[in-house]
>>> print(open('model16.cif').read())   # mmCIF, C-alpha atoms
data_run
loop_
_atom_site.label_atom_id
_atom_site.label_comp_id
_atom_site.auth_asym_id
_atom_site.auth_seq_id
_atom_site.Cartn_x
_atom_site.Cartn_y
_atom_site.Cartn_z
CA MET L 211 51.75 16.63 26.38
CA VAL L 212 53.95 19.53 27.56
CA PHE L 213 50.89 21.72 27.90
CA LYS L 214 49.09 19.07 29.92
CA PHE L 215 52.08 18.70 32.27
CA LEU L 216 52.25 22.48 32.80
CA LYS L 217 48.53 22.57 33.43
CA ILE L 218 48.74 19.86 36.08
CA PHE L 219 51.84 21.39 37.64
CA SER L 220 50.02 24.70 37.90
CA ILE L 221 47.25 22.89 39.79
CA TYR L 222 49.95 21.61 42.12
CA LEU L 223 51.33 25.12 42.73
CA PHE L 224 47.81 26.51 43.22
CA SER L 225 47.11 23.86 45.84
CA ILE L 226 50.30 24.73 47.72
CA SER L 227 49.52 28.43 47.82
CA HIS L 228 45.97 28.00 49.08
CA ASN L 229 46.48 25.48 51.88
CA CYS L 230 47.07 25.85 55.60
CA ASP L 231 50.50 25.78 57.21
CA ASP L 232 49.86 22.64 59.27
CA PRO L 233 47.91 20.17 57.10
CA MET L 234 48.14 17.40 59.68
CA LYS L 235 45.60 19.24 61.87
CA PHE L 236 42.19 19.00 60.31
CA THR L 237 38.62 18.17 61.19
CA ALA L 238 35.41 17.96 59.25
CA ASN L 239 34.79 21.63 60.03
CA GLY L 240 38.35 22.74 60.83
CA PRO L 241 39.86 26.15 60.04
CA GLY L 242 42.24 24.96 57.34
CA ALA L 243 41.89 22.90 54.22
CA LEU L 244 43.09 19.33 54.16
CA LYS L 245 45.81 18.80 51.55
CA TYR L 246 45.76 15.82 49.20
CA LEU L 247 48.61 14.75 46.91
CA ALA L 248 47.98 12.38 43.97
CA LEU L 249 51.01 10.75 42.34
CA GLY L 250 50.81 8.72 39.14
CA ASP L 251 50.50 8.62 35.37
CA SER L 252 47.63 8.80 32.84
CA TYR L 253 45.28 7.01 35.23
CA THR L 254 45.77 9.78 37.79
CA ILE L 255 45.78 12.75 35.45
CA GLY L 256 42.72 11.29 33.73
CA GLU L 257 43.78 10.98 30.10
CA GLY L 258 40.80 11.67 27.88
CA VAL L 259 38.52 13.17 30.55
CA GLU L 260 38.09 16.72 31.82
CA SER L 261 40.39 17.50 34.74
CA HIS L 262 37.48 17.70 37.16
CA GLU L 263 36.44 14.16 36.17
CA ASN L 264 39.67 12.33 37.04
CA PHE L 265 39.68 10.25 40.19
CA PRO L 266 41.56 12.72 42.45
CA PHE L 267 39.04 15.49 41.75
CA GLN L 268 36.08 13.11 42.06
CA LEU L 269 37.49 11.88 45.37
CA THR L 270 37.84 15.46 46.58
CA ARG L 271 34.20 16.17 45.81
CA VAL L 272 33.10 13.06 47.72
CA LEU L 273 35.07 14.19 50.78
CA ARG L 274 33.55 17.66 50.55
CA ARG L 275 30.09 16.09 50.54
CA HIS L 276 31.12 14.50 53.83
CA ASN L 277 31.82 18.00 55.16
CA PHE L 278 35.60 17.88 54.96
CA ASP L 279 37.36 21.11 54.16
CA ILE L 280 39.72 19.88 51.44
CA ALA L 281 41.68 21.86 48.87
CA ASP L 282 41.80 20.88 45.22
CA PRO L 283 44.21 17.94 44.86
CA ALA L 284 47.87 18.53 44.11
CA ILE L 285 48.50 16.26 41.13
CA VAL L 286 51.92 15.12 39.93
CA ALA L 287 51.23 12.87 36.95
CA THR L 288 51.70 12.74 33.20
CA THR L 289 50.52 10.30 30.56
CA GLY L 290 53.26 7.80 29.74
CA TRP L 291 55.24 8.16 32.94
CA THR L 292 57.05 5.15 34.36
CA THR L 293 58.25 4.92 37.94
CA THR L 294 61.54 6.51 36.83
CA GLN L 295 59.87 9.64 35.45
CA LEU L 296 57.55 10.00 38.43
CA LEU L 297 60.53 9.72 40.77
CA ASN L 298 62.35 12.46 38.89
CA ALA L 299 59.30 14.72 39.09
CA VAL L 300 58.78 14.10 42.79
CA ARG L 301 62.44 14.85 43.51
CA ASP L 302 62.09 18.16 41.70
CA PHE L 303 59.34 19.50 43.97
CA SER L 304 59.93 23.16 44.66
CA LYS L 305 58.69 22.77 48.24
CA LYS L 306 60.00 19.44 49.46
CA GLU L 307 58.98 20.20 53.03
CA ASP L 308 55.28 20.21 52.19
CA LYS L 309 53.17 17.67 54.02
CA TYR L 310 49.73 16.39 53.06
CA GLY L 311 46.81 14.95 54.95
CA PHE L 312 46.92 11.93 52.67
CA VAL L 313 48.58 10.74 49.46
CA THR L 314 47.51 8.35 46.70
CA LEU L 315 49.99 6.54 44.45
CA LEU L 316 49.13 4.68 41.24
CA ILE L 317 52.04 3.85 38.93
CA GLY L 318 53.43 0.99 36.88
CA VAL L 319 51.37 0.43 33.76
CA ASN L 320 53.99 2.08 31.57
CA ASN L 321 56.73 -0.03 33.15
CA GLN L 322 54.77 -3.04 32.00
CA TYR L 323 53.89 -1.60 28.59
CA GLN L 324 57.49 -0.58 27.90
CA LYS L 325 58.75 -3.95 29.15
CA LYS L 326 60.94 -2.45 31.86
CA PRO L 327 62.61 -4.95 34.24
CA MET L 328 60.36 -6.02 37.09
CA ASP L 329 63.25 -5.47 39.50
CA LEU L 330 63.41 -1.83 38.42
CA TYR L 331 59.75 -1.43 39.32
CA ARG L 332 60.30 -3.10 42.66
CA LYS L 333 63.20 -0.77 43.49
CA GLU L 334 61.61 2.45 42.29
CA PHE L 335 58.16 1.69 43.68
CA ALA L 336 59.79 1.25 47.08
CA GLU L 337 61.38 4.69 46.71
CA LEU L 338 58.09 6.24 45.66
CA LEU L 339 56.27 4.64 48.56
CA LYS L 340 58.87 6.04 50.94
CA ILE L 341 58.45 9.53 49.48
CA ALA L 342 54.66 9.22 49.63
CA ILE L 343 54.88 8.35 53.33
CA GLU L 344 57.19 11.29 53.95
CA ARG L 345 54.76 13.63 52.16
CA ALA L 346 51.96 12.22 54.32
CA GLY L 347 53.64 13.46 57.48
CA ASN L 348 55.64 10.24 57.91
CA ILE L 349 52.39 8.44 58.64
CA PRO L 350 52.16 5.25 56.52
CA GLY L 351 48.46 4.93 57.26
CA ASN L 352 47.83 8.18 55.41
CA VAL L 353 48.99 6.68 52.11
CA VAL L 354 46.72 4.82 49.69
CA ILE L 355 48.22 2.65 46.96
CA VAL L 356 45.79 2.20 44.06
CA SER L 357 46.22 -0.90 41.91
CA ILE L 358 46.99 -0.78 38.19
CA PRO L 359 43.90 -1.44 36.05
CA ASP L 360 44.06 -4.18 33.43
CA TYR L 361 44.22 -2.49 30.04
CA GLY L 362 44.49 -5.97 28.51
CA VAL L 363 40.68 -6.19 28.58
CA THR L 364 40.24 -3.05 26.47
CA PRO L 365 39.71 -2.96 22.69
CA PHE L 366 43.09 -1.22 22.40
CA ALA L 367 44.85 -4.41 23.50
CA VAL L 368 42.96 -6.95 21.40
CA SER L 369 46.02 -7.66 19.24
CA LYS L 370 48.57 -7.31 22.04
CA ASN L 371 48.25 -10.62 23.90
CA PRO L 372 45.61 -9.62 26.47
CA ASP L 373 46.13 -12.69 28.68
CA GLN L 374 49.83 -11.95 29.06
CA ILE L 375 49.09 -8.32 29.84
CA GLY L 376 46.67 -9.35 32.56
CA LEU L 377 49.17 -11.78 34.05
CA GLU L 378 51.91 -9.16 34.16
CA ILE L 379 49.60 -6.50 35.59
CA ASP L 380 48.77 -8.93 38.39
CA GLN L 381 52.49 -9.42 39.06
CA TYR L 382 53.08 -5.68 39.26
CA ASN L 383 50.09 -5.27 41.54
CA GLU L 384 51.29 -7.99 43.87
CA ILE L 385 54.55 -6.10 44.31
CA GLY L 386 52.66 -2.92 45.13
CA ARG L 387 50.18 -4.63 47.43
CA THR L 388 52.88 -6.45 49.39
CA MET L 389 55.02 -3.35 49.84
CA ALA L 390 52.04 -1.23 50.83
CA LEU L 391 50.87 -3.63 53.51
CA GLU L 392 54.37 -4.22 54.83
CA ALA L 393 54.86 -0.47 55.18
CA GLY L 394 51.51 0.03 56.89
CA ALA L 395 49.88 1.85 53.97
CA HIS L 396 46.47 1.05 52.50
CA TYR L 397 45.86 -0.77 49.23
CA VAL L 398 42.79 -0.37 47.02
CA ASN L 399 42.13 -2.82 44.21
CA VAL L 400 40.52 -1.23 41.16
CA THR L 401 41.86 -3.85 38.75
CA GLY L 402 38.79 -5.97 39.26
CA ILE L 403 36.59 -3.04 38.26
CA SER L 404 38.43 -2.63 34.96
CA ARG L 405 37.77 -6.31 34.23
CA GLU L 406 34.15 -6.27 35.35
CA VAL L 407 33.21 -3.46 32.94
CA LYS L 408 35.23 -4.71 29.99
CA ASN L 409 32.19 -5.28 27.77
CA ASP L 410 30.75 -1.78 28.18
CA SER L 411 32.51 0.93 26.15
CA SER L 412 30.88 3.67 28.23
CA TYR L 413 33.48 2.91 30.88
CA LEU L 414 36.26 4.00 28.48
CA VAL L 415 37.08 7.25 26.72
CA SER L 416 37.28 7.56 22.94
CA ASP L 417 40.74 5.96 22.69
CA LEU L 418 39.13 2.72 23.98
CA LEU L 419 42.01 2.38 26.43
CA HIS L 420 41.71 4.83 29.30
CA PRO L 421 38.89 4.88 31.86
CA SER L 422 35.98 7.27 31.46
CA ALA L 423 34.66 9.45 34.25
CA LYS L 424 32.02 6.77 34.78
CA GLN L 425 34.69 4.17 35.56
CA TYR L 426 36.62 6.57 37.79
CA THR L 427 33.46 7.02 39.82
CA LEU L 428 33.52 3.30 40.61
CA TRP L 429 37.16 3.58 41.63
CA VAL L 430 36.37 6.52 43.90
CA ASP L 431 33.67 4.56 45.70
CA ARG L 432 36.38 2.16 46.90
CA ILE L 433 39.08 4.75 47.52
CA ALA L 434 36.75 7.06 49.42
CA GLU L 435 35.68 4.23 51.69
CA VAL L 436 39.28 3.71 52.77
CA VAL L 437 40.02 7.42 53.15
CA LEU L 438 36.89 8.06 55.19
CA GLU L 439 37.07 4.99 57.39
CA LYS L 440 40.83 4.59 57.83
CA ILE L 441 42.38 8.03 57.43
CA LEU L 442 39.79 10.70 58.21
CA LYS L 443 37.93 8.69 60.82
#
>>> encode(input="model16.cif", output="structure tokens")
Amino acid sequence: MVFKFLKIFSIYLFSISHNCDDPMKFTANGPGALKYLALGDSYTIGEGVESHENFPFQLTRVLRRHNFDIADPAIVATTGWTTTQLLNAVRDFSKKEDKYGFVTLLIGVNNQYQKKPMDLYRKEFAELLKIAIERAGNIPGNVVIVSIPDYGVTPFAVSKNPDQIGLEIDQYNEIGRTMALEAGAHYVNVTGISREVKNDSSYLVSDLLHPSAKQYTLWVDRIAEVVLEKILK
């Protein structure tokens, strides 16, 4: 896990060093690369898939196919992170002044899994949303909140009260959705996708818990639509 964190953090540093000074000025054929920051946990880092198959990298490739000059995503995420751990990592950025063309945030499944208080999630998600907006040039509309998938429908959770997991995931997602819309950020629901493909193991990696690259592709279809039509329009 330490190695994986260092690997992802190195991606983050690489992205910083290879991006333009003013990331808020970009066009489809502009002189500088658009910067994208992805904040999250195992669902963002892509536990069980190659790094180029996680949703931030797949999203980047889609945007490049639409002729956007975009750097590799800066990813701050580690398997098992709760909102508390993500907050600590974000606060420890070496270049806190960095701004990004857009930011995605997906966090909360480990709060639910570890039975953290819902009020803690509400408080810390609000802080993370605020930081995400700041990183996106203080433009709320350049932030995309991605919903938490329902791991209760996976074989991993068969003996863990799947219905209760689904109910609680919905509660967490409602908090995120409400805060996102109130702040003026975008919200993309991928939870439904995780439920729609529950009977097909090809949409999961070998641990029968985390999404496969195939499932991330479905997520990216929805996320890219928002980014292209609402942010990079």
>>> resolve_selection(input="model16.cif", expression="the PyMOL selection byres ((chain L and resi 290) around 7)", output="number ranges by chain")
L: 251-252, 288-289, 291-292, 320
>>> residues_around(input="model16.cif", residues="segment 267-273 of chain L", least_positions_apart="4", cutoff="12 Å", atoms="only C-alpha atoms", output="ChimeraX atom specification")
/L:221,237-239,243-248,254-256,259-263,277-285,312-314,423-439,441-443
>>> closest_residue(input="model16.cif", among="L:Leu391, L:Leu330, L:Ala346, L:Val407", to="Ser422 of chain L", atoms="all atoms listed in the file")
L:Val407
>>> resolve_selection(input="model16.cif", expression="the PyMOL selection byres ((chain L and resi 318) around 7)", output="PyMOL selection string")
chain L and resi 292-293+317+319-322+358
>>> resolve_selection(input="model16.cif", expression="the PyMOL selection byres ((chain L and resi 345) around 8)", output="VMD selection string")
chain L and resid 307 to 310 313 341 to 344 346 to 348
>>> closest_residue(input="model16.cif", among="L:Val398, L:Ala336, L:Val415, L:Ile349", to="Asn264 of chain L", atoms="all atoms listed in the file")
L:Val415
>>> residues_around(input="model16.cif", residues="Arg332 of chain L", least_positions_apart="2", cutoff="9 Å", atoms="all atoms listed in the file", output="list in words")
Pro327, Met328, Asp329, Leu330, Glu334, Phe335, Ala336, Glu337, Tyr382, Ile385, Gly386 and Met389 of chain L
>>> closest_residue(input="model16.cif", among="L:Tyr413, L:Tyr397, L:Phe265, L:Tyr253", to="Ile355 of chain L", atoms="all atoms listed in the file")
L:Tyr397
>>> closest_residue(input="model16.cif", among="L:Pro372, L:Gly311, L:Gly351, L:Pro365", to="Ser411 of chain L", atoms="all atoms listed in the file")
L:Pro365
>>> atom_distance(input="model16.cif", atom1="atom CA of Asn399 of chain L", atom2="atom CA of Ile379 of chain L")
12.0 Å
>>> atom_distance(input="model16.cif", atom1="atom CA of Ala395 of chain L", atom2="atom CA of Arg274 of chain L")
23.0 Å
>>> atom_distance(input="model16.cif", atom1="atom CA of Gly394 of chain L", atom2="atom CA of Pro350 of chain L")
5.3 Å
>>> axis_aligned_box(input="model16.cif", around="segment 382-390 of chain L", padding_each_side="8 Å", output="JSON")
{"center_x": 52.6, "center_y": -4.6, "center_z": 45.0, "size_x": 20.9, "size_y": 22.8, "size_z": 27.6}
>>> decode(input="model16.cif", residues="segment 409-425 of chain L", atoms="all heavy atoms", output="short mmCIF file (atom, residue, chain, number, x, y, z; two decimals), in the first residue's frame")
data_model
loop_
_atom_site.label_atom_id
_atom_site.label_comp_id
_atom_site.auth_asym_id
_atom_site.auth_seq_id
_atom_site.Cartn_x
_atom_site.Cartn_y
_atom_site.Cartn_z
N ASN L 409 -24.76 -8.60 -11.95
CA ASN L 409 -24.76 -10.03 -12.28
C ASN L 409 -23.70 -10.44 -13.29
O ASN L 409 -23.70 -11.57 -13.77
CB ASN L 409 -26.15 -10.44 -12.79
CG ASN L 409 -27.22 -10.30 -11.72
OD1 ASN L 409 -27.00 -10.63 -10.56
ND2 ASN L 409 -28.39 -9.78 -12.11
N ASP L 410 -22.81 -9.53 -13.61
CA ASP L 410 -21.77 -9.81 -14.60
C ASP L 410 -20.41 -9.57 -13.95
O ASP L 410 -20.01 -8.43 -13.73
CB ASP L 410 -21.96 -8.90 -15.81
CG ASP L 410 -21.03 -9.26 -16.97
OD1 ASP L 410 -20.00 -9.90 -16.71
OD2 ASP L 410 -21.33 -8.87 -18.11
N SER L 411 -19.67 -10.63 -13.67
CA SER L 411 -18.39 -10.51 -12.96
C SER L 411 -17.32 -9.81 -13.79
O SER L 411 -16.28 -9.41 -13.24
CB SER L 411 -17.90 -11.90 -12.55
OG SER L 411 -17.69 -12.72 -13.69
N SER L 412 -17.54 -9.65 -15.08
CA SER L 412 -16.54 -8.97 -15.90
C SER L 412 -16.45 -7.49 -15.56
O SER L 412 -15.49 -6.81 -15.98
CB SER L 412 -16.85 -9.15 -17.39
OG SER L 412 -18.02 -8.43 -17.77
N TYR L 413 -17.42 -6.99 -14.83
CA TYR L 413 -17.40 -5.60 -14.42
C TYR L 413 -16.70 -5.40 -13.08
O TYR L 413 -16.72 -4.30 -12.51
CB TYR L 413 -18.83 -5.04 -14.36
CG TYR L 413 -19.43 -4.83 -15.73
CD1 TYR L 413 -20.28 -5.78 -16.28
CD2 TYR L 413 -19.14 -3.70 -16.47
CE1 TYR L 413 -20.82 -5.61 -17.54
CE2 TYR L 413 -19.68 -3.51 -17.74
CZ TYR L 413 -20.52 -4.47 -18.26
OH TYR L 413 -21.05 -4.29 -19.52
N LEU L 414 -16.09 -6.47 -12.56
CA LEU L 414 -15.33 -6.41 -11.32
C LEU L 414 -13.94 -6.99 -11.55
O LEU L 414 -13.73 -7.78 -12.47
CB LEU L 414 -16.03 -7.22 -10.22
CG LEU L 414 -17.43 -6.78 -9.80
CD1 LEU L 414 -18.02 -7.79 -8.81
CD2 LEU L 414 -17.41 -5.39 -9.18
N VAL L 415 -12.99 -6.60 -10.68
CA VAL L 415 -11.66 -7.20 -10.75
C VAL L 415 -11.68 -8.50 -9.95
O VAL L 415 -12.72 -8.93 -9.44
CB VAL L 415 -10.59 -6.22 -10.23
CG1 VAL L 415 -10.51 -5.01 -11.13
CG2 VAL L 415 -10.85 -5.81 -8.79
N SER L 416 -10.52 -9.11 -9.78
CA SER L 416 -10.47 -10.46 -9.19
C SER L 416 -10.90 -10.52 -7.73
O SER L 416 -11.26 -11.59 -7.24
CB SER L 416 -9.06 -11.03 -9.33
OG SER L 416 -8.12 -10.20 -8.67
N ASP L 417 -10.88 -9.38 -7.02
CA ASP L 417 -11.33 -9.42 -5.62
C ASP L 417 -12.85 -9.46 -5.50
O ASP L 417 -13.40 -9.56 -4.40
CB ASP L 417 -10.75 -8.25 -4.82
CG ASP L 417 -11.25 -6.88 -5.29
OD1 ASP L 417 -12.15 -6.81 -6.15
OD2 ASP L 417 -10.71 -5.86 -4.80
N LEU L 418 -13.54 -9.36 -6.66
CA LEU L 418 -15.01 -9.39 -6.71
C LEU L 418 -15.64 -8.29 -5.86
O LEU L 418 -16.73 -8.43 -5.34
CB LEU L 418 -15.55 -10.76 -6.29
CG LEU L 418 -15.11 -11.93 -7.17
CD1 LEU L 418 -15.70 -13.24 -6.66
CD2 LEU L 418 -15.51 -11.69 -8.63
N LEU L 419 -14.93 -7.18 -5.77
CA LEU L 419 -15.38 -6.02 -5.01
C LEU L 419 -15.22 -4.74 -5.82
O LEU L 419 -16.17 -3.97 -5.96
CB LEU L 419 -14.60 -5.91 -3.70
CG LEU L 419 -14.74 -4.60 -2.90
CD1 LEU L 419 -16.20 -4.40 -2.47
CD2 LEU L 419 -13.80 -4.61 -1.70
N HIS L 420 -14.03 -4.51 -6.32
CA HIS L 420 -13.75 -3.25 -7.00
C HIS L 420 -14.08 -3.32 -8.50
O HIS L 420 -14.00 -4.39 -9.11
CB HIS L 420 -12.27 -2.87 -6.82
CG HIS L 420 -11.94 -2.46 -5.43
ND1 HIS L 420 -11.44 -3.34 -4.48
CD2 HIS L 420 -12.04 -1.25 -4.81
CE1 HIS L 420 -11.25 -2.70 -3.34
NE2 HIS L 420 -11.61 -1.43 -3.52
N PRO L 421 -14.43 -2.18 -9.08
CA PRO L 421 -14.79 -2.15 -10.50
C PRO L 421 -13.61 -2.53 -11.40
O PRO L 421 -12.45 -2.23 -11.09
CB PRO L 421 -15.20 -0.69 -10.73
CG PRO L 421 -15.57 -0.18 -9.38
CD PRO L 421 -14.64 -0.86 -8.43
N SER L 422 -13.92 -3.14 -12.51
CA SER L 422 -12.92 -3.43 -13.54
C SER L 422 -12.83 -2.22 -14.47
O SER L 422 -13.63 -1.29 -14.41
CB SER L 422 -13.33 -4.66 -14.34
OG SER L 422 -14.53 -4.41 -15.07
N ALA L 423 -11.84 -2.27 -15.36
CA ALA L 423 -11.71 -1.19 -16.34
C ALA L 423 -12.98 -1.07 -17.18
O ALA L 423 -13.37 0.03 -17.58
CB ALA L 423 -10.50 -1.47 -17.24
N LYS L 424 -13.62 -2.19 -17.41
CA LYS L 424 -14.86 -2.21 -18.20
C LYS L 424 -15.95 -1.39 -17.51
O LYS L 424 -16.68 -0.64 -18.17
CB LYS L 424 -15.31 -3.65 -18.38
CG LYS L 424 -16.53 -3.85 -19.25
CD LYS L 424 -16.83 -5.34 -19.41
CE LYS L 424 -18.08 -5.61 -20.23
NZ LYS L 424 -18.35 -7.07 -20.36
N GLN L 425 -16.06 -1.52 -16.18
CA GLN L 425 -17.05 -0.73 -15.47
C GLN L 425 -16.65 0.75 -15.42
O GLN L 425 -17.50 1.64 -15.58
CB GLN L 425 -17.27 -1.24 -14.04
CG GLN L 425 -18.37 -0.45 -13.32
CD GLN L 425 -18.77 -1.00 -11.96
OE1 GLN L 425 -19.47 -0.34 -11.19
NE2 GLN L 425 -18.35 -2.22 -11.65
#
